[in-house]
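S.K.: First the structure, which I've put down as structure tokens, then a few questions once you've had a look.
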Amino acid sequence: MHTTSNAPLHPSAVGSFNRTLSALRGFAAGARIVERCELCSKELAGDHHHLLDPARRQVLCACGACSMLFTSSGETKYKRVPRRVRYLPDFQLTDAQWESLLIPINMAFFFQSTPDSRIVALYPSPAGPIESQLSLDAWSELVRENPALQDLDADVEALLVNRIAQSRGGAAAEYFIAPIDECYKLVGLIRGSWRGFSGGTEVWQEIAAFFASLKEKSCRT
């Protein structure tokens with residue numbers, strides 16, 4: 001049985017989203033946003049590294065030196081988030097399989113959570129990420145049909161699914177193995193741009209631009 005959890009966000013996640021939104025507002029106002037390493041306080045360039053606290057699902061900004069203290073597969077408190085994006089043009093997922101996941105929108109990301117010892121399925125919403133309980137059988141079937149999922153780095157990489165255009169009779173669905181910070185970036189984008197009941201024109205343009213950029217910097221697999 002699949003259930004959806006509407007539990008409030010962890011305070012650390014809320015803080016991360018608030019920092020992202022503040023940065024976006026400052027950029028729009030023409031202000032220079034100074035980001036700092038959350039370990040040593042060194043000023044960061046716009047394109048910088050990220051770390052993940054798996055227990056809290058919290059993404060932290062980090063300088064190059066601090067990020068090198070961690071790996072993406074280590075057992076330390078933080079894991080370094082990889083930068084590689086893999087586009088999966090041959091990914092196999094039928095409409096029936098998608099519907100069986102009971103995710104109410106046509107977008108979600110899935111990752112192996114080490115602290116929870118299970119696959120976690122999250123979908124973005126105007127209130128932040130919402131978790132949908134995923135059955136092991138459903139995920140095992142996807143892995144059997146898509147061997148690339150066997151190579152996911154736990155906690156820091158996710159299968160990111162975008163079926164928005166396909167659901168509207170447009171372009172084909174898109175599937176990526178993406179760094180977890182990109183997935184949370186998408187959540188923050190939707191949370192910050194959503195207007196009214198349907199989201200408004202701006203948020204859908206932002207979503208399209210996000211996936212176009214992700215595809216542009218990805219490698220095919």
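By order of appearance in the structure tokens: chains A, B, ..., then residues from 1 within every chain, and ligands from 1 in the order shown.
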List the neighbours of Arg220 in chain A out to 7 Å using only C-alpha atoms; skip same-chain residues closer than 3 positions along the sequence, and give me the result as an NGL selection string.
M.R.: :A and (86-88)
S.K.: Pull the closest atom pair for each residue of range 132-191 of chain A that gets at most 9 Å from range 59-69 of chain A, along with the distance in Å to one decimal, counting only C-alpha atoms, ordering rows by chain and then ascending residue number, as a Markdown table.
M.R.:
```
| residue | atom | partner | partner_atom | distance |
| --- | --- | --- | --- | --- |
| A:Ile180 | CA | A:Val59 | CA | 8.5 |
| A:Asp181 | CA | A:Val59 | CA | 6.7 |
| A:Tyr184 | CA | A:Val59 | CA | 8.4 |
```
S.K.: Print the selection's residues with N, CA and C atoms to a file, as a PDB file, in the first residue's frame.
M.R.:
```
ATOM      1  N   ILE A 180      21.673  15.083  -5.631  1.00  0.00           N
ATOM      2  CA  ILE A 180      20.530  15.385  -4.773  1.00  0.00           C
ATOM      3  C   ILE A 180      20.328  16.888  -4.607  1.00  0.00           C
ATOM      4  N   ASP A 181      21.408  17.693  -4.712  1.00  0.00           N
ATOM      5  CA  ASP A 181      21.230  19.140  -4.573  1.00  0.00           C
ATOM      6  C   ASP A 181      20.425  19.717  -5.734  1.00  0.00           C
ATOM      7  N   TYR A 184      16.740  19.138  -4.854  1.00  0.00           N
ATOM      8  CA  TYR A 184      16.244  20.104  -3.882  1.00  0.00           C
ATOM      9  C   TYR A 184      16.200  21.518  -4.460  1.00  0.00           C
TER      10      TYR A 184
END
```
S.K.: Which residues are close to range 203-208 of chain A, i.e. within 8 Å by only C-alpha atoms, leaving aside same-chain residues fewer than 6 positions away? Reply as a PyMOL selection string.
M.R.: chain A and resi 186+189-190+193-195
S.K.: For the strand (DSSP E or B) assignment from backbone DSSP, which residues of range 91-168 of chain A qualify? Please present them as an MDAnalysis selection string.
M.R.: chainID A and resid 107:113 118:125 128:132 157:162
S.K.: List the neighbours of range 134-150 of chain A out to 7 Å using only C-alpha atoms; skip same-chain residues closer than 2 positions along the sequence, and give me the result as a list of chain:residue names.
M.R.: A:His2, A:Phe91, A:Gln92, A:Leu101, A:Val120, A:Ala121, A:Ser132, A:Leu152
S.K.: Give the alpha helix (DSSP H) residues of range 62-186 of chain A, as assigned by DSSP on the backbone, as an MDAnalysis selection string.
M.R.: chainID A and resid 64:67 95:100 136:145 164:167 180:186
S.K.: Name the closest residue to Phe211 in chain A among the candidates A:Val85, A:Cys37, A:Val156, A:Arg56; distances are taken between atoms, counting only C-alpha atoms.
M.R.: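 Residue with the minimum atom-to-atom distance to Phe211 in chain A: A:Val85.
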S.K.: Between A:Arg57, A:His49, A:Lys185, A:Arg83, which residue has the minimum interatomic distance to Glu35 in chain A, considering only C-alpha atoms?
M.R.: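 Nearest candidate to Glu35 in chain A out of A:Arg57, A:His49, A:Lys185, A:Arg83: A:His49.
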S.K.: Distance CA of Thr71 in chain A-CA of Leu122 in chain A, one decimal place?
M.R.: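 CA of Leu122 in chain A lies at a distance of 23.9 Å from CA of Thr71 in chain A.
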